[in-house]
Each structure stands twice: as C-alpha cells, then as structure tokens.
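The next block holds one structure in the form of structure tokens; read it before the comments.
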Amino acid sequence: MKFVAITSCPTGIAHTYMAAEALQVAAKEMGHDIKVETQGSVGVENVLTPDDLAQAKAVIIAADTSVDKSRFAGMTVIEVSTKDAIKDAKALITRAVNAKGSSISPTDQVIQVKPEGKEAKTGIYKHLMTGVSFMIPFVVAGGLLIAIGFAIGGIYVYKVPGSFGETLFSAGKAAFALMVPVLGAYIAFSIADRPAIVPGMIGGYIAASNGSGFLGAMVAGFAAGYIVLAIKKYIKPPKSLQGLMPILIIPVLSTAIMGLLMFYVIGKPMTIFNTTLAAWLTSLSGTNAALLGIILGCMMAFDMGGPVNKAAYTFGAASVASGNPSAIMAAVMISGMVPPLGIALSTVLTKKKYTLEEREAGKANWALGLSFITEGAIPFAAADPLRVIPSIMVGSAVAGGISMAFGSTIIVPHGGIWVLAIPHVVTNLVPYILALLAGTIVSALILSAVKKPVVK
Amino acid sequence: MKIIDLLDNESILLDLKAETKEEVWETLAHSFQEIGAVHNVEQYLADVAIRESKGTTGVGFGVAIPHAKSEGVTKPALAMARLVKGVNVQSMDDSQADLFFLIAAPIHGEDIHLRALSKLARLLMHGTFLESLRKAKTQEDVKAAIEANES
C-alpha cells in the first residue's frame with residue numbers, strides 16, 4: 001500500500017527528520033510504500049505531488065506545528081505529533097493501513113472541495129506554481145537549444161533548413177511553441193485535475209497564436225479550470241449517461257467554451273490592441289531618443305514574447321530590415337536581454353526568495369539572457385507577476401534608455417552578446433555594455449527587494 | 001557540508017559522568033565556547049532550556065538531542081556526550097538517556113548546516129548506528145561511525 005506523510009516540528013532541526021526517517025523505516029519493514037514531505041528549517045523537501053496524493057491510501061501528519069491540510073480534502077488523514085511517529089512508527093502505519101477507505105477515489109474528492117476565503121489566495125498561488133513548474137523544463141530546453149543553434153549556425157541559422165544548427169534551433173523553437181500551451185494546461189490541471197488539461201492546453205495554444213502570449217495563457221488556464229469545475233457541478237446527466245462525462249461531455253463542452261472565450265473575449269480586443277500599438281510606436285519615431293528607449297524597454301519586459309513585446313520587437317526588426325544600423329533595434333535587443341539576466345542575478349543575491357527549482361532555472365537564465373532569449377523570464381513572471389514584471393520593466397527601461405541616449409546602433413535583429421564581438425555590428429559598444437550591466441543590476445536589486453521569501 | 005564537519009574532537013566526550021541533563025548541557029556548551037562556536041554560554045543554555053520546555057528532546061532509545069537557535073551562537077556546531085550511566089530526560093519511551101547530541105545553531109545564517117543536522121536526526125533512528133556509537137572507543141571511532149552511515 002502507498003501512503004503519504006508530512007512531518008514538521010517547531011525548530012525544524014531534529015524531530016521533523018527523525019519522524020520522517022522513523023516512518024520510512026517502519027513502512028519499509030512492513031512492506032509498504034511511503035513518501036514523507038519534511039517541513040523543516042531547510043524548507044519543504046520531498047514535496048508531495050498530486051500524483052502521490054492520488055495513489056495514497058491515507059495521509060499521516062506527524063507535526064507539532066500547524067500544517068496546511070487543504071491539499072488533503074476528502075482523504076483519510078491521521079494527525080499525530082512527531083513524538084508518536086518517532087516512538088512507534090509501526091503502530092502509526094498500522095493505523096493508516098486499517099483506516100477506513102473511502103468509496104470515492106481521493107482525487108475526485110479533492111477537486112470537489114474548493115478552498116474558500118483566506119485559503120483561496122494560496123490556491124491561486126498554488127495553481128500558478130503548478131503551471132510554472134511544468135513550463136520551466138520547456139523554457140530551459142527550448143532556450144538553450146535555440147542558443148546552441150545560433151552558436152553553431154550564426155544568427156541567420158534558420159535560413160539554412162536541414163543544417164545541424166538549424167535542426168537544434170527548430171527543436172528549441174518547438175519547445176517554445178509548447179511552453180505557453182503547457183502553462184495553460186497545468187494551471188487548469190491544478191484547479192480541476194486531468195479533465196481540465198484539454199481546455200487549458202487548447203486555450204493556451206490559442207493565446208500563443210492570437211498574440212496574447214503567456215498572460216493570455218494564464219487567463220486561459222484559470223478559465224479552463226473553473227469551466228471544468230462548473231460543468232462537473234451543474235451538469236448532472238442521468239446515470240446511464242454518466243460514463244460520457246469524462247470522455248465526451250467535459251472535453252467537448254469545455255473546449256468549445258474555451259475557444260469562444262479566447263476568440264471573442266480575448267482575441268478580438270487583442271487584434272485591435274496590436275494594431276493600435278504598432279501605429280502608436282511608429283508615431284513616436286521622432287521623439288526624444290532616451291524616452292523612446294525607455295518606452296521600448298518597458299514594452300520588451302512587460303510580457304516577454306506577448307503582444308506588447310512583439311510590437312516593440314517588430315518595430316525594431318523593421319528598422320534594421322534594410323541593413324541600416326539602427327538605434328531602435330539596439331535598444332530593443334539590450335532591454336530584451338535584461339529580464340532573464342536580472343532574474344538570474346536576483347536568484348543569486350537572495351536565494352531564500354526562490355524555490356530550488358527557480359534557482360536552477362535562474363542558472364539557465366544567464367545563458368538565455370546573454371542570447372537575447374527574453375522568454376527565460378516567463379516562468380518567474382508567471383509565478384509572481386505583480387512583483388516580477390514591474391521590476392524587470394524598470395531594469396529594461398534603464399538599459400533601453402542608456403542605449404538610446406548614447407546612440408548605440410546595431411545592424412542585426414538578434415544574437416545577444418555573441419554578436420557584440422563581431423566588429424562593426426554594434427557601434428558605441430562601451431555604453432551599450434554599460435546599458436546591459438546597469439539594467440541587469442537595477443532589475444535584480446528591485447526584484448530582490450520586493451520578492452517575498454518562499455512560503456515554508 | 002558533512003555532519004562531522006560540525007563535530008569537533010573537543011566536543012566529543014566519551015564516558016562522561018553526570019547526574020542531570022543540565023550538567024551534560026553545561027559541559028558540552030563549554031566545549032562549544034572553547035572551540036569558538038558559542039560566545040555567550042548563558043544565553044545559549046537559556047535558549048536550550050526554553051526549547052526543552054516546549055517538549056522533551058529525549059527522543060527515546062537512550063538518545064537526547066537538546067538544541068537551540070540562539071543569539072549566543074557564533075557558528076553552527078555539534079557536540080556529543082556518552083554517559084557512563086544514563087540520566088532522566090523525560091524520554092518519550094521513559095528510557096534513561098546515555099547519548100547526548102547538543103546542537104548549536106545561529107539565529108541567522110546559511111541553511112547548509114541544517115541539512116547536515118537533518119541527516120544526523122535521520123541517522124539516530126537506526127539502531128545499528130546507535131550501537132556503533134555506544135561501542136566507540138575513541139573520538140575517531142565516533143566520527144568513523146558517523147561517516148560510514150552518512151551517505
């Protein structure tokens with residue numbers, strides 16, 4: 001049999017781990033499987049996943065502190081002190097084995113119990129984090145493969161289909177194409193479990209293609225999750241047709257609603273918004289250079305691959321299309337490099353404010369930022385948008401403003417740090433690098449100041 | 001960081017004679033002061049006592065792990081005492097404790113030592129490990145036993 005457990009004690013130094021070890025030893029001796037999440041002073045380790053919960057027959061909470069039990073709604077929970085686990089873990093396992101099983105599978109019950117009031121906030125955070133944690137590998141794999149592709153085949157690698165560099169580049173692009181749908185899918189999954197993956201992923205896919213980007217996908221993910229919950233709650237087919245709910249009614253209905261929602265509520269205004277934005281940018285061409293740099297910087301960092309970022313990038317890329325050196329493109333590129341770099345620096349400066357997973361993603365962000373792959377910052381922005389997005393916008397604005405003020409120019413639309421080494425690609429190189437450093441440091445400092453420590 | 005990196009030879013006392021748990025704490029805490037891990041012994045011992053008052057750290061099997069995060073601590077450290085005759089620590093299983101691990105943790109600081117301590121806590125749940133500590137003849141034997149089990 002499989003069980004899950006949580007151990008936690010006030011100081012979080014000894015009892016948490018002794019209880020965990022005692023449970024593991026006892027379970028092993030008795031031929032059972034147990035996964036123990038320790039909530040100690042090192043932070044939460046060995047975190048229980050939705051999968052673990054789905055497989056577990058019962059939950060053992062051996063704690064002397066208050067442990068959030070909202071995750072276990074509907075499951076059989078045995079609560080004791082760490083002392084009980086240390087003293088006689090076998091007896092505890094026996095209790096769990098004999099605990100009255102419920103007739104409905106645990107996951108079904110969990111999704112029926114919605115967090116209310118105060119808990120709703122942690123719920124939203126949890127859904128975001130679930131989506132983000134599934135997205136991170138896509139971002140890292142995609143970003144690094146694209147960077148490697150560039151490194152092998154140069155910045156026009158995509159113009160040589162079938163070459164080795166281009167193949168890696170395309171694989172990376174595929175990962176990037178999937179990352180936004182995956183974000184939508186797993187936010188929805190976190191809310192309403194497996195049935196929500198279909199509408200969430202499709203909503204995210206539509207968001208990626210209609211230009212609303214990862215912000216659109218976040219909306220889609222939450223919408224999909226709650227649509228599925230609503231369908232389950234309000235549509236009660238006769239018993240003979242209940243088998244059709246999971247395979248026909250839920251996926252078709254939720255996806256239809258999702259599609260209509262994404263098109264009429266999000267897509268239409270998005271198109272109008274994009275056109276307006278592009279026109280507005282063109283009208284700005286003659287204004288003060290530094291101001292334009294600041295505006296472009298803010299836009300690059302605002303949604304990282306979303307409509308606002310795309311508008312700024314397209315504006316910049318158009319200005320070099322004729323092969324002319326462009327100050328606008330220079331500002332766009334430098335401010336697009338800042339968000340991943342600023343975040344990477346912040347994960348080093350204030351480790352405690354990031355989860356282990358985020359710190360690892362932070363390392364990849366160094367390479368992504370240097371390669372002008374702004375998307376590396378998305379998981380961080382999606383996890384904590386209100387703190388992360390403004391911080392990196394300020395840093396990118398600083399970089400864009402400095403670059404424009406010194407009149408640095410560039411003749412290529414991509415390449416990041418790697419093209420700086422090529423003679424005559426960038427003019428006014430020193431202030432350009434200065435702009436990058438200043439933007440990165442400003443972003444990192446603000447971010448480290450405003451981020452909250454990881455919830456333990 | 002490994003467990004033995006926190007455990008100085010000075011802080012391993014084999015065959016200590018003591019009547020009460022407080023006596024053991026004091027002896028071990030002074031060894032912390034000697035190696036420069038604790039700068040305010042009184043403060044530290046007070047914090048250990050406060051922690052103890054919240055619930056016994058006598059975890060059974062003859063083991064006690066008094067500990068505290070304290071302003072009096074300079075750097076994280078671990079001390080061990082093996083008593084000739086066990087003393088009463090209000091153990092969870094009513095056993096007399098003959099193996100003491102005293103833990104000193106600074107209020108602020110890196111988490112790295114906490115990981116080492118969490119490993120030690122896990123080790124203490126294994127009878128064979130405790131057996132080897134009770135049989136150890138020298139400080140080196142103690143460290144070897146810890147090292148052998150820490151992986």
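If you're wondering about the labels, chains in the structure tokens are A, B, ... by order shown, residues count from 1 in each chain, ligands from 1 in order shown.
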Chain A contacts on chain B, only C-alpha atoms, 12 Å, as a ChimeraX atom specification: /B:47-48,50-52,54-70,91-95,101-105,107-127
Selection export as a tab-separated table (two decimals), in the first residue's frame, atoms kept: C-alpha atoms:
```tsv
chain	number	residue	atom	x	y	z
B	47	ASP	CA	17.65	29.06	24.89
B	48	VAL	CA	18.28	25.32	25.10
B	50	ILE	CA	13.40	27.18	26.59
B	51	ARG	CA	13.36	24.74	23.69
B	52	GLU	CA	13.32	21.85	26.14
B	54	LYS	CA	8.30	23.19	24.79
B	55	GLY	CA	8.67	19.45	24.68
B	56	THR	CA	11.31	16.94	25.57
B	57	THR	CA	14.17	16.36	23.20
B	58	GLY	CA	14.66	12.94	24.76
B	59	VAL	CA	13.62	11.04	21.69
B	60	GLY	CA	13.86	7.58	23.13
B	61	PHE	CA	16.30	4.72	22.56
B	62	GLY	CA	18.56	6.39	25.14
B	63	VAL	CA	19.11	9.39	22.92
B	64	ALA	CA	18.65	13.08	23.69
B	65	ILE	CA	19.15	15.89	21.22
B	66	PRO	CA	18.88	19.18	23.08
B	67	HIS	CA	19.19	22.05	20.65
B	68	ALA	CA	18.57	25.74	20.15
B	69	LYS	CA	18.86	28.55	17.69
B	70	SER	CA	20.40	31.25	19.83
B	91	SER	CA	12.18	10.49	27.31
B	92	MET	CA	9.29	9.65	25.06
B	93	ASP	CA	9.82	5.99	25.89
B	94	ASP	CA	10.86	6.58	29.52
B	95	SER	CA	14.40	5.37	28.82
B	101	PHE	CA	23.86	15.34	20.90
B	102	LEU	CA	23.84	19.04	21.66
B	103	ILE	CA	23.20	21.31	18.71
B	104	ALA	CA	24.08	24.99	18.47
B	105	ALA	CA	22.60	26.96	15.60
B	107	ILE	CA	19.82	32.76	14.58
B	108	HIS	CA	20.77	33.92	11.14
B	109	GLY	CA	22.91	32.18	8.65
B	110	GLU	CA	23.16	29.71	5.90
B	111	ASP	CA	20.97	26.66	5.77
B	112	ILE	CA	23.85	24.40	4.90
B	113	HIS	CA	24.44	23.16	8.44
B	114	LEU	CA	20.75	22.48	8.88
B	115	ARG	CA	20.96	19.88	6.17
B	116	ALA	CA	23.79	18.15	8.00
B	117	LEU	CA	21.77	18.19	11.21
B	118	SER	CA	18.72	16.81	9.49
B	119	LYS	CA	20.85	13.93	8.28
B	120	LEU	CA	22.07	13.30	11.81
B	121	ALA	CA	18.48	13.30	13.05
B	122	ARG	CA	17.65	10.63	10.49
B	123	LEU	CA	20.68	8.54	11.47
B	124	LEU	CA	19.54	8.44	15.09
B	125	MET	CA	16.51	6.43	14.07
B	126	HIS	CA	18.71	3.49	13.15
B	127	GLY	CA	19.56	1.04	15.91
```
Selection near Leu341 of chain A, 6 Å with only C-alpha atoms, sequence-local residues under 2 positions removed, as an NGL selection string: :A and (338-339 or 343-344 or 366 or 369 or 440)
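Residues within 9 Å of Gly143 of chain A, counting only C-alpha atoms and excluding same-chain residues fewer than 4 positions away, are Phe138, Val139, Ala147, Ile148, Gly172, Lys173, Ala175, Phe176, Ala364, Asn365, Ala367, Leu368, Ser371, Ile373, Glu375 and Gly376 of chain A.
Proximity ranking of B:Asn9, B:Lys21, B:Glu42, B:Ala29 relative to Gln90 of chain B places B:Lys21 first, based on only C-alpha atoms.
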Pro325 of chain A environment, 7 Å, only C-alpha atoms, sequence neighbours closer than 5 positions dropped, as an MDAnalysis selection string: chainID A and resid 320 409:411
Take the residues that were just selected and, keeping N, CA and C atoms, output them as a PDB file, in the first residue's frame.
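For reference, again.pdb as written:
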```
ATOM      1  N   VAL A 320      15.940  47.545 -38.967  1.00  0.00           N
ATOM      2  CA  VAL A 320      17.211  47.040 -39.499  1.00  0.00           C
ATOM      3  C   VAL A 320      17.013  46.232 -40.774  1.00  0.00           C
ATOM      4  N   THR A 409      24.113  51.647 -31.982  1.00  0.00           N
ATOM      5  CA  THR A 409      23.303  51.056 -33.049  1.00  0.00           C
ATOM      6  C   THR A 409      23.739  49.632 -33.309  1.00  0.00           C
ATOM      7  N   ILE A 410      22.871  48.901 -34.009  1.00  0.00           N
ATOM      8  CA  ILE A 410      23.167  47.512 -34.336  1.00  0.00           C
ATOM      9  C   ILE A 410      22.645  47.262 -35.744  1.00  0.00           C
ATOM     10  N   ILE A 411      23.258  46.299 -36.457  1.00  0.00           N
ATOM     11  CA  ILE A 411      22.783  46.059 -37.827  1.00  0.00           C
ATOM     12  C   ILE A 411      22.110  44.704 -37.993  1.00  0.00           C
TER      13      ILE A 411
END
```
Segment 139-141 of chain B surroundings by only C-alpha atoms, 10 Å radius, close-in-sequence under 2 positions cut, as a ChimeraX atom specification: /B:8-14,80,132-133,135-137,143-147
Every residue of segment 37-169 of chain A that DSSP places in strand (DSSP E or B), as a compact mmCIF listing (two decimals) with N, CA and C atoms, in the first residue's frame:
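As a result, part.txt now contains:
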```txt
# COMPACT_ATOMS: atom_id res chain seq x y z
N GLU A 37 6.93 14.17 3.22
CA GLU A 37 7.33 15.56 2.97
C GLU A 37 7.79 16.16 4.29
N THR A 38 9.03 16.67 4.32
CA THR A 38 9.53 17.27 5.55
C THR A 38 9.43 18.78 5.47
N GLN A 39 8.77 19.37 6.47
CA GLN A 39 8.66 20.83 6.53
C GLN A 39 9.54 21.30 7.68
N GLY A 40 10.83 21.41 7.40
CA GLY A 40 11.77 21.78 8.44
C GLY A 40 12.38 23.13 8.15
N GLY A 43 13.45 24.23 4.77
CA GLY A 43 12.39 24.45 3.79
C GLY A 43 11.62 23.16 3.59
N VAL A 44 10.71 23.19 2.66
CA VAL A 44 9.92 21.99 2.41
C VAL A 44 10.69 21.11 1.43
N GLU A 45 10.89 19.87 1.81
CA GLU A 45 11.61 18.95 0.94
C GLU A 45 10.75 17.75 0.62
N ALA A 58 -3.83 6.83 2.54
CA ALA A 58 -4.09 7.73 3.65
C ALA A 58 -2.94 8.69 3.84
N VAL A 59 -3.22 9.76 4.59
CA VAL A 59 -2.21 10.77 4.87
C VAL A 59 -1.88 10.73 6.36
N ILE A 60 -0.59 10.67 6.66
CA ILE A 60 -0.18 10.74 8.07
C ILE A 60 0.46 12.11 8.28
N ILE A 61 -0.07 12.87 9.21
CA ILE A 61 0.56 14.14 9.55
C ILE A 61 1.14 14.02 10.94
N ALA A 62 2.47 13.97 11.00
CA ALA A 62 3.15 13.89 12.30
C ALA A 62 3.79 15.25 12.53
N ALA A 63 3.09 16.13 13.25
CA ALA A 63 3.58 17.50 13.34
C ALA A 63 3.26 18.11 14.69
N VAL A 77 -7.12 11.34 6.80
CA VAL A 77 -5.95 11.99 7.40
C VAL A 77 -5.79 11.55 8.85
N ILE A 78 -4.58 11.10 9.18
CA ILE A 78 -4.30 10.73 10.57
C ILE A 78 -3.33 11.76 11.12
N GLU A 79 -3.77 12.47 12.17
CA GLU A 79 -2.92 13.52 12.72
C GLU A 79 -2.37 13.14 14.07
N VAL A 80 -1.05 13.20 14.20
CA VAL A 80 -0.41 12.90 15.48
C VAL A 80 0.75 13.87 15.67
```
Residues near Thr350 of chain A, cut-off 12 Å, only C-alpha atoms, skip fewer than 6 positions along chain, as a PyMOL selection string: (chain A and resi 343-344+358-359+362+444-454) or (chain B and resi 110)
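DSSP, applied to the backbone of this structure, assigns helix (DSSP H, G or I) to the following residues of segment 15-61 of chain B: B:Lys21, B:Glu22, B:Glu23, B:Val24, B:Trp25, B:Glu26, B:Thr27, B:Leu28, B:Ala29, B:His30, B:Ser31, B:Phe32, B:Gln33, B:Glu34, B:Val41, B:Glu42, B:Gln43, B:Tyr44, B:Leu45, B:Ala46, B:Asp47, B:Val48, B:Ala49, B:Ile50, B:Arg51, B:Glu52, B:Ser53.
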Expected file: the selected residues, C-alpha atoms, as a PDB file, in the first residue's frame:
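So the final result, stored in again_7.pdb, reads:
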```pdb
ATOM      1  CA  LYS B  21      20.731  16.523  31.858  1.00  0.00           C
ATOM      2  CA  GLU B  22      21.547  20.167  32.691  1.00  0.00           C
ATOM      3  CA  GLU B  23      25.002  19.067  33.777  1.00  0.00           C
ATOM      4  CA  VAL B  24      25.532  17.424  30.408  1.00  0.00           C
ATOM      5  CA  TRP B  25      24.343  20.525  28.560  1.00  0.00           C
ATOM      6  CA  GLU B  26      26.727  22.737  30.526  1.00  0.00           C
ATOM      7  CA  THR B  27      29.743  20.550  29.942  1.00  0.00           C
ATOM      8  CA  LEU B  28      29.067  20.329  26.231  1.00  0.00           C
ATOM      9  CA  ALA B  29      28.226  24.031  25.937  1.00  0.00           C
ATOM     10  CA  HIS B  30      31.590  24.934  27.437  1.00  0.00           C
ATOM     11  CA  SER B  31      33.295  22.813  24.821  1.00  0.00           C
ATOM     12  CA  PHE B  32      31.455  24.970  22.265  1.00  0.00           C
ATOM     13  CA  GLN B  33      32.888  28.055  23.896  1.00  0.00           C
ATOM     14  CA  GLU B  34      36.401  26.639  23.742  1.00  0.00           C
ATOM     15  CA  VAL B  41      27.133  30.275  27.070  1.00  0.00           C
ATOM     16  CA  GLU B  42      24.481  31.561  29.488  1.00  0.00           C
ATOM     17  CA  GLN B  43      22.315  32.881  26.705  1.00  0.00           C
ATOM     18  CA  TYR B  44      22.742  29.692  24.754  1.00  0.00           C
ATOM     19  CA  LEU B  45      21.911  27.421  27.689  1.00  0.00           C
ATOM     20  CA  ALA B  46      18.849  29.545  28.446  1.00  0.00           C
ATOM     21  CA  ASP B  47      17.653  29.058  24.886  1.00  0.00           C
ATOM     22  CA  VAL B  48      18.279  25.324  25.099  1.00  0.00           C
ATOM     23  CA  ALA B  49      16.186  25.217  28.255  1.00  0.00           C
ATOM     24  CA  ILE B  50      13.400  27.183  26.587  1.00  0.00           C
ATOM     25  CA  ARG B  51      13.357  24.743  23.690  1.00  0.00           C
ATOM     26  CA  GLU B  52      13.323  21.848  26.139  1.00  0.00           C
ATOM     27  CA  SER B  53      10.361  23.351  27.980  1.00  0.00           C
TER      28      SER B  53
END
```
Residue contacts of Ala37 of chain B (7 Å, only C-alpha atoms) excluding same-chain residues fewer than 6 positions away, as number ranges by chain: B: 73-77
d(atom CA of Ile155 of chain A, atom CA of Gly415 of chain A) in Å: 5.6 Å
